[in-house]
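One file, my_file.txt, carrying compact mmCIF, C-alpha atoms:
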```
# COMPACT_ATOMS: atom_id res chain seq x y z
CA MET A 1185 -26.86 -14.10 3.55
CA LEU A 1186 -26.56 -11.27 1.08
CA ASN A 1187 -28.95 -10.82 -1.85
CA GLY A 1188 -30.27 -14.34 -1.39
CA LEU A 1189 -26.88 -15.96 -2.03
CA ALA A 1190 -24.69 -17.48 0.63
CA PRO A 1191 -21.00 -16.47 0.62
CA VAL A 1192 -18.51 -19.25 -0.12
CA MET A 1193 -14.80 -19.57 0.65
CA VAL A 1194 -12.95 -22.39 -1.07
CA PHE A 1195 -9.54 -23.26 0.35
CA THR A 1196 -7.25 -25.06 -2.12
CA PHE A 1197 -3.94 -26.57 -1.12
CA THR A 1198 -1.44 -26.53 -3.98
CA ARG A 1199 1.84 -27.83 -2.66
CA ASP A 1200 2.57 -31.46 -1.86
CA GLY A 1201 2.54 -31.79 1.87
CA ALA A 1202 0.52 -28.63 2.52
CA LEU A 1203 -2.57 -30.65 3.39
CA ARG A 1204 -0.48 -33.16 5.32
CA ASN A 1205 0.96 -30.25 7.35
CA LEU A 1206 -2.53 -28.90 7.87
CA ILE A 1207 -4.03 -32.08 9.32
CA GLY A 1208 -0.93 -33.24 11.18
CA ASP A 1209 0.35 -36.72 11.94
CA THR A 1210 -2.93 -38.01 13.34
CA LEU A 1211 -4.61 -38.33 9.95
CA SER A 1212 -1.53 -38.45 7.72
CA SER A 1213 -2.19 -42.05 6.65
CA PHE A 1214 -5.54 -40.96 5.20
CA VAL A 1215 -4.22 -37.97 3.21
CA ASP A 1216 -4.52 -39.82 -0.10
CA TRP A 1217 -8.32 -39.84 0.04
CA ILE A 1218 -8.83 -36.41 1.62
CA PRO A 1219 -9.51 -33.81 -1.09
CA GLN A 1220 -7.19 -30.84 -1.30
CA ILE A 1221 -10.14 -28.51 -1.85
CA ILE A 1222 -12.19 -27.45 1.18
CA PRO A 1223 -15.35 -25.40 0.48
CA VAL A 1224 -16.81 -23.41 3.36
CA TYR A 1225 -20.39 -22.20 2.92
CA LEU A 1226 -21.41 -19.23 5.04
CA ASP A 1227 -25.18 -19.60 4.81
CA GLU A 1228 -26.41 -17.96 8.01
CA ARG A 1229 -29.54 -20.12 8.20
CA LEU A 1230 -27.53 -23.34 8.09
CA THR A 1231 -24.28 -22.38 9.77
CA GLU A 1232 -25.22 -19.52 12.11
CA VAL A 1233 -22.27 -17.55 10.74
CA ALA A 1234 -23.62 -14.00 10.38
CA SER A 1235 -21.88 -12.04 7.62
CA ASP A 1236 -21.63 -8.41 8.73
CA ASN A 1237 -19.76 -6.60 6.02
CA ALA A 1238 -17.57 -6.87 2.95
CA THR A 1239 -15.22 -4.23 1.61
CA GLU A 1240 -13.61 -4.59 -1.80
CA ASN A 1241 -10.73 -2.52 -3.14
CA ILE A 1242 -9.35 -2.87 -6.67
CA LYS A 1243 -6.25 -1.03 -7.86
CA ILE A 1244 -5.38 -0.65 -11.54
CA ASP A 1245 -2.24 1.15 -12.69
CA TYR A 1246 -1.99 2.88 -16.03
CA ALA A 1247 0.73 4.64 -17.98
CA GLN A 1248 1.09 6.29 -21.37
CA PHE A 1249 4.05 5.54 -23.52
CA ALA A 1250 4.39 6.63 -27.16
CA ASP A 1251 0.67 7.35 -27.70
CA THR A 1252 -0.36 4.05 -26.14
CA THR A 1253 -2.08 3.67 -22.78
CA TYR A 1254 -1.22 0.61 -20.76
CA GLN A 1255 -3.33 -0.70 -17.91
CA LYS A 1256 -2.35 -3.38 -15.46
CA ARG A 1257 -4.09 -5.13 -12.62
CA VAL A 1258 -2.25 -4.37 -9.41
CA ARG A 1259 -4.40 -5.94 -6.74
CA GLN A 1260 -7.85 -6.91 -5.61
CA GLN A 1261 -8.37 -6.85 -1.86
CA VAL A 1262 -11.46 -8.01 -0.01
CA LYS A 1263 -12.08 -7.74 3.71
CA ILE A 1264 -14.98 -9.73 5.11
CA SER A 1265 -16.37 -9.49 8.61
CA PHE A 1266 -18.68 -11.87 10.40
CA ARG A 1267 -19.87 -12.71 13.89
CA VAL A 1268 -19.99 -16.23 15.25
CA ARG A 1269 -20.78 -17.90 18.51
CA LYS A 1270 -17.71 -19.28 20.23
CA ASN A 1271 -19.16 -22.79 20.25
CA ASN A 1272 -20.14 -22.78 16.54
CA THR A 1273 -18.68 -25.82 14.79
CA LEU A 1274 -18.18 -24.21 11.38
CA ALA A 1275 -16.60 -21.15 12.97
CA SER A 1276 -14.19 -23.41 14.83
CA VAL A 1277 -13.27 -25.09 11.55
CA ILE A 1278 -12.69 -21.75 9.78
CA LEU A 1279 -10.64 -20.30 12.63
CA SER A 1280 -8.58 -23.48 12.99
CA LEU A 1281 -8.06 -23.65 9.24
CA ILE A 1282 -6.72 -20.09 9.15
CA GLN A 1283 -4.45 -20.79 12.11
CA LYS A 1284 -3.07 -23.90 10.40
CA ILE A 1285 -2.58 -22.02 7.13
CA TYR A 1286 -0.50 -19.51 9.08
CA GLU A 1287 1.65 -22.38 10.34
CA THR A 1288 2.15 -23.84 6.85
CA ILE A 1289 3.42 -20.62 5.26
CA ASP A 1290 7.10 -21.03 4.50
CA ALA A 1291 9.52 -18.19 3.72
CA LYS A 1292 11.50 -20.59 1.49
CA THR A 1293 8.71 -20.48 -1.10
CA PRO A 1294 7.46 -16.86 -1.01
CA ASN A 1295 5.47 -17.11 -4.26
CA ASP A 1296 3.77 -20.37 -3.28
CA PRO A 1297 2.45 -20.41 0.27
CA GLY A 1298 0.90 -23.81 -0.44
CA TYR A 1299 -2.70 -22.63 -0.59
CA PHE A 1300 -5.03 -20.15 -2.18
CA VAL A 1301 -8.60 -19.09 -1.52
CA THR A 1302 -11.45 -18.57 -3.95
CA LEU A 1303 -14.04 -16.22 -2.53
CA TYR A 1304 -17.60 -15.52 -3.60
CA TYR A 1305 -19.18 -12.94 -1.34
CA ASP A 1306 -22.21 -10.88 -2.39
CA SER A 1307 -21.22 -9.39 -5.77
CA THR A 1308 -17.51 -10.07 -5.26
CA PHE A 1309 -15.66 -12.95 -6.88
CA MET A 1310 -11.98 -13.45 -6.21
CA SER A 1311 -9.78 -16.36 -7.22
CA GLU A 1312 -6.26 -17.36 -6.21
CA ALA A 1313 -6.25 -15.04 -3.20
CA TRP A 1314 -4.04 -15.19 -0.15
CA ILE A 1315 -4.96 -14.27 3.39
CA THR A 1316 -3.09 -11.10 4.35
CA ASP A 1317 -4.82 -10.19 7.59
CA TYR A 1318 -6.91 -11.99 10.15
CA SER A 1319 -8.31 -10.96 13.50
CA LYS A 1320 -10.65 -12.52 16.02
CA THR A 1321 -12.05 -10.42 18.84
CA THR A 1322 -14.44 -11.31 21.64
CA VAL A 1323 -17.52 -9.07 21.47
CA GLY A 1324 -17.94 -7.54 24.93
CA ASN A 1325 -18.74 -10.09 27.62
CA SER A 1326 -20.65 -12.29 25.19
CA ASP A 1327 -20.23 -15.67 23.59
CA LEU A 1328 -19.57 -14.03 20.20
CA TYR A 1329 -16.42 -13.51 18.17
CA GLN A 1330 -16.04 -10.72 15.62
CA VAL A 1331 -13.87 -12.15 12.84
CA ASP A 1332 -12.21 -10.07 10.11
CA ILE A 1333 -10.31 -11.68 7.23
CA THR A 1334 -8.54 -9.81 4.43
CA PHE A 1335 -7.86 -11.58 1.14
CA LEU A 1336 -5.46 -10.30 -1.51
CA ASN A 1337 -4.96 -11.16 -5.16
CA SER A 1338 -1.89 -9.38 -6.49
CA THR A 1339 0.10 -9.67 -9.71
CA GLY A 1340 3.44 -8.79 -8.13
CA VAL A 1341 4.85 -7.14 -11.30
CA SER A 1342 5.30 -3.37 -11.45
CA LEU A 1343 3.66 -1.34 -14.19
CA THR A 1344 7.03 0.04 -15.25
CA SER A 1345 8.37 -3.45 -15.86
CA PHE A 1346 5.15 -4.37 -17.64
CA VAL A 1347 5.31 -1.35 -19.99
CA LEU A 1348 9.02 -1.79 -20.70
CA GLU A 1349 8.45 -5.44 -21.55
CA LYS A 1350 5.40 -4.68 -23.77
CA THR A 1351 7.29 -2.00 -25.68
CA GLY A 1352 10.23 -4.35 -26.21
CA LEU A 1353 12.69 -2.09 -24.42
CA ILE A 1354 13.62 -4.82 -21.94
CA GLU A 1355 12.94 -8.49 -21.49
CA ILE A 1356 11.69 -9.59 -18.08
CA VAL A 1357 13.46 -12.71 -16.89
CA GLU A 1358 11.87 -14.60 -14.01
CA ARG A 1359 14.15 -15.61 -11.16
```
Please render this file's structure as structure tokens.
Amino acid sequence: MLNGLAPVMVFTFTRDGALRNLIGDTLSSFVDWIPQIIPVYLDERLTEVASDNATENIKIDYAQFADTTYQKRVRQQVKISFRVRKNNTLASVILSLIQKIYETIDAKTPNDPGYFVTLYYDSTFMSEAWITDYSKTTVGNSDLYQVDITFLNSTGVSLTSFVLEKTGLIEIVER
């Protein structure tokens, strides 16, 4: 727990079938009543998930064109680290959820992986993020895992395109 507030990760599944793919055939007949939003509270006192660290990186591009300065969000990246016992139920859910998300990502829909994550961690708030990196390491000869997850929120449009569109020199057409 950081500053008296427990971190929260909210997994939201956006594409039809993403949740069905996540839970598999076993529960597929019950998909209609299962919500497509899964909040995960990381309150150490309740869950025994010990948050170690959070690193946030924000990149903003800027350019000047004809006496006007343009700024554009490029990305917000947050890496969180926590330690969990191997037999912790919530940790098993989180790790399984991430593994299943990995399996649901489809190269046919690169701009819609079928999920996004909202993250509130200490003083960091991030919405519509994707998981870009995940690692789980056994800590020595213990019953602990060190888990690192990196979340990314990116606009995907270059500043040059943004400035050219704003100045009316070109029109951006989505594919």
(request) For A:Leu1226, work out the shell of residues within 9 Å, counting only C-alpha atoms and skipping chain neighbours fewer than 2 positions away, then give it as a count of residues only. (result) 15
(request) Could you tell me how far atom CA of A:Gln1248 lies from atom CA of A:Gln1261, in Å and to one decimal? (result)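 Those two atoms sit 25.4 Å apart.
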(message) Just checking: using only C-alpha atoms, which residue out of A:Leu1303, A:Ile1264, A:Val1277, A:Met1310 ends up closest to A:Asp1332?
(response) A:Ile1264
(message) What's the separation between atom CA of A:Gly1298 and atom CA of A:Arg1267, in Å to one decimal place?
(response) 27.6 Å
(message) To one decimal place in Å, what is the distance between atom CA of A:Asp1245 and atom CA of A:Val1262?
(response)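 Computing the Euclidean distance for atom CA of A:Asp1245 and atom CA of A:Val1262 yields 18.2 Å.
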(request) Give the answer as one residue: which of A:Ala1250, A:Leu1279, A:Val1323, A:Ala1313 has the shortest atom-to-atom distance to A:Lys1263, using only C-alpha atoms? (result)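 Nearest to A:Lys1263: A:Ala1313.
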Listed atoms of stretch 1248-1253 of chain A boxed axis-aligned with 3 Å per side, centre + edges as JSON:
```
{"center_x": 1.2, "center_y": 5.5, "center_z": -24.5, "size_x": 12.5, "size_y": 9.7, "size_z": 12.3}
```
(request) Have a look at A:Gln1220, A:Thr1253, A:Ser1319, A:Asn1272 and name the one nearest to A:Thr1334; count all atoms listed in the file. (result) A:Ser1319
(request) Find the residue from A:Phe1266, A:Trp1314, A:Phe1249, A:Tyr1254 that sits nearest to A:Val1301; use all atoms listed in the file when measuring. (result) A:Trp1314
(message) Given only C-alpha atoms as the basis, pick out the residue of A:Thr1273, A:Lys1284, A:Arg1257, A:Tyr1304 nearest to A:Asn1337.
(response)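 Checking each candidate against A:Asn1337, we get A:Arg1257 as the closest.
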(request) Select, from A:Tyr1305, A:Phe1197, A:Tyr1246, A:Tyr1225, the residue with the minimum atom-to-atom distance to A:Ile1289, counting only C-alpha atoms. (result) A:Phe1197
Would you pick out the contacts of A:Glu1312 at 10 Å or less, using only C-alpha atoms, so that residues sharing its chain but fewer than 6 positions from it are not included, and give the list as a compact mmCIF listing (two decimals) with C-alpha atoms, keeping the file's coordinate frame?
```txt
# COMPACT_ATOMS: atom_id res chain seq x y z
CA VAL A 1194 -12.95 -22.39 -1.07
CA PHE A 1195 -9.54 -23.26 0.35
CA THR A 1196 -7.25 -25.06 -2.12
CA TYR A 1299 -2.70 -22.63 -0.59
CA PHE A 1300 -5.03 -20.15 -2.18
CA VAL A 1301 -8.60 -19.09 -1.52
CA THR A 1302 -11.45 -18.57 -3.95
CA LEU A 1303 -14.04 -16.22 -2.53
CA PHE A 1335 -7.86 -11.58 1.14
CA LEU A 1336 -5.46 -10.30 -1.51
CA ASN A 1337 -4.96 -11.16 -5.16
CA SER A 1338 -1.89 -9.38 -6.49
```
Can you give me N, CA and C atoms for stretch 1242-1274 of chain A, written as a short mmCIF file (atom, residue, chain, number, x, y, z; two decimals), keeping the file's coordinate frame?
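rebuild-v4.cif, freshly written:
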```
data_model
loop_
_atom_site.label_atom_id
_atom_site.label_comp_id
_atom_site.auth_asym_id
_atom_site.auth_seq_id
_atom_site.Cartn_x
_atom_site.Cartn_y
_atom_site.Cartn_z
N ILE A 1242 -10.08 -2.45 -5.48
CA ILE A 1242 -9.35 -2.87 -6.67
C ILE A 1242 -8.45 -1.73 -7.11
N LYS A 1243 -7.20 -2.04 -7.39
CA LYS A 1243 -6.25 -1.03 -7.86
C LYS A 1243 -5.76 -1.42 -9.25
N ILE A 1244 -5.84 -0.47 -10.17
CA ILE A 1244 -5.38 -0.65 -11.54
C ILE A 1244 -4.41 0.48 -11.84
N ASP A 1245 -3.21 0.14 -12.28
CA ASP A 1245 -2.24 1.15 -12.69
C ASP A 1245 -2.37 1.40 -14.18
N TYR A 1246 -2.01 2.59 -14.61
CA TYR A 1246 -1.99 2.88 -16.03
C TYR A 1246 -0.82 3.82 -16.32
N ALA A 1247 -0.36 3.76 -17.55
CA ALA A 1247 0.73 4.64 -17.98
C ALA A 1247 0.61 4.86 -19.48
N GLN A 1248 1.07 6.01 -19.93
CA GLN A 1248 1.09 6.29 -21.37
C GLN A 1248 2.53 6.29 -21.84
N PHE A 1249 2.71 5.61 -22.95
CA PHE A 1249 4.05 5.54 -23.52
C PHE A 1249 3.89 5.54 -25.04
N ALA A 1250 4.44 6.54 -25.70
CA ALA A 1250 4.39 6.63 -27.16
C ALA A 1250 2.97 6.48 -27.70
N ASP A 1251 2.07 7.31 -27.25
CA ASP A 1251 0.67 7.35 -27.70
C ASP A 1251 -0.13 6.08 -27.40
N THR A 1252 0.36 5.26 -26.53
CA THR A 1252 -0.36 4.05 -26.14
C THR A 1252 -0.58 4.07 -24.63
N THR A 1253 -1.79 3.75 -24.20
CA THR A 1253 -2.08 3.67 -22.78
C THR A 1253 -2.05 2.21 -22.35
N TYR A 1254 -1.32 1.96 -21.31
CA TYR A 1254 -1.22 0.61 -20.76
C TYR A 1254 -1.95 0.57 -19.43
N GLN A 1255 -2.69 -0.48 -19.21
CA GLN A 1255 -3.33 -0.70 -17.91
C GLN A 1255 -2.89 -2.05 -17.39
N LYS A 1256 -2.78 -2.13 -16.08
CA LYS A 1256 -2.35 -3.38 -15.46
C LYS A 1256 -3.05 -3.56 -14.14
N ARG A 1257 -3.52 -4.80 -13.92
CA ARG A 1257 -4.09 -5.13 -12.62
C ARG A 1257 -2.97 -5.07 -11.59
N VAL A 1258 -3.24 -4.43 -10.48
CA VAL A 1258 -2.25 -4.37 -9.41
C VAL A 1258 -2.69 -5.28 -8.27
N ARG A 1259 -3.93 -5.08 -7.82
CA ARG A 1259 -4.40 -5.94 -6.74
C ARG A 1259 -5.92 -5.84 -6.60
N GLN A 1260 -6.46 -6.89 -6.05
CA GLN A 1260 -7.85 -6.91 -5.61
C GLN A 1260 -7.79 -7.34 -4.15
N GLN A 1261 -8.40 -6.57 -3.29
CA GLN A 1261 -8.37 -6.85 -1.86
C GLN A 1261 -9.80 -6.85 -1.35
N VAL A 1262 -10.13 -7.89 -0.59
CA VAL A 1262 -11.46 -8.01 -0.01
C VAL A 1262 -11.32 -8.29 1.47
N LYS A 1263 -12.04 -7.50 2.26
CA LYS A 1263 -12.08 -7.74 3.71
C LYS A 1263 -13.51 -8.14 4.05
N ILE A 1264 -13.66 -9.30 4.68
CA ILE A 1264 -14.98 -9.73 5.11
C ILE A 1264 -15.01 -9.77 6.63
N SER A 1265 -16.16 -9.48 7.17
CA SER A 1265 -16.37 -9.49 8.61
C SER A 1265 -17.60 -10.32 8.92
N PHE A 1266 -17.51 -11.10 9.97
CA PHE A 1266 -18.68 -11.87 10.40
C PHE A 1266 -18.61 -12.12 11.89
N ARG A 1267 -19.77 -12.39 12.46
CA ARG A 1267 -19.87 -12.71 13.89
C ARG A 1267 -20.30 -14.16 14.04
N VAL A 1268 -19.67 -14.82 14.99
CA VAL A 1268 -19.99 -16.23 15.25
C VAL A 1268 -20.02 -16.48 16.74
N ARG A 1269 -20.79 -17.46 17.12
CA ARG A 1269 -20.78 -17.90 18.51
C ARG A 1269 -19.51 -18.72 18.75
N LYS A 1270 -18.96 -18.60 19.93
CA LYS A 1270 -17.71 -19.28 20.23
C LYS A 1270 -17.82 -20.80 20.11
N ASN A 1271 -19.00 -21.34 20.31
CA ASN A 1271 -19.16 -22.79 20.25
C ASN A 1271 -19.68 -23.27 18.89
N ASN A 1272 -19.68 -22.42 17.87
CA ASN A 1272 -20.14 -22.78 16.54
C ASN A 1272 -19.13 -23.68 15.86
N THR A 1273 -19.58 -24.83 15.38
CA THR A 1273 -18.68 -25.82 14.79
C THR A 1273 -18.01 -25.30 13.53
N LEU A 1274 -18.78 -24.71 12.62
CA LEU A 1274 -18.18 -24.21 11.38
C LEU A 1274 -17.19 -23.09 11.67
#
```
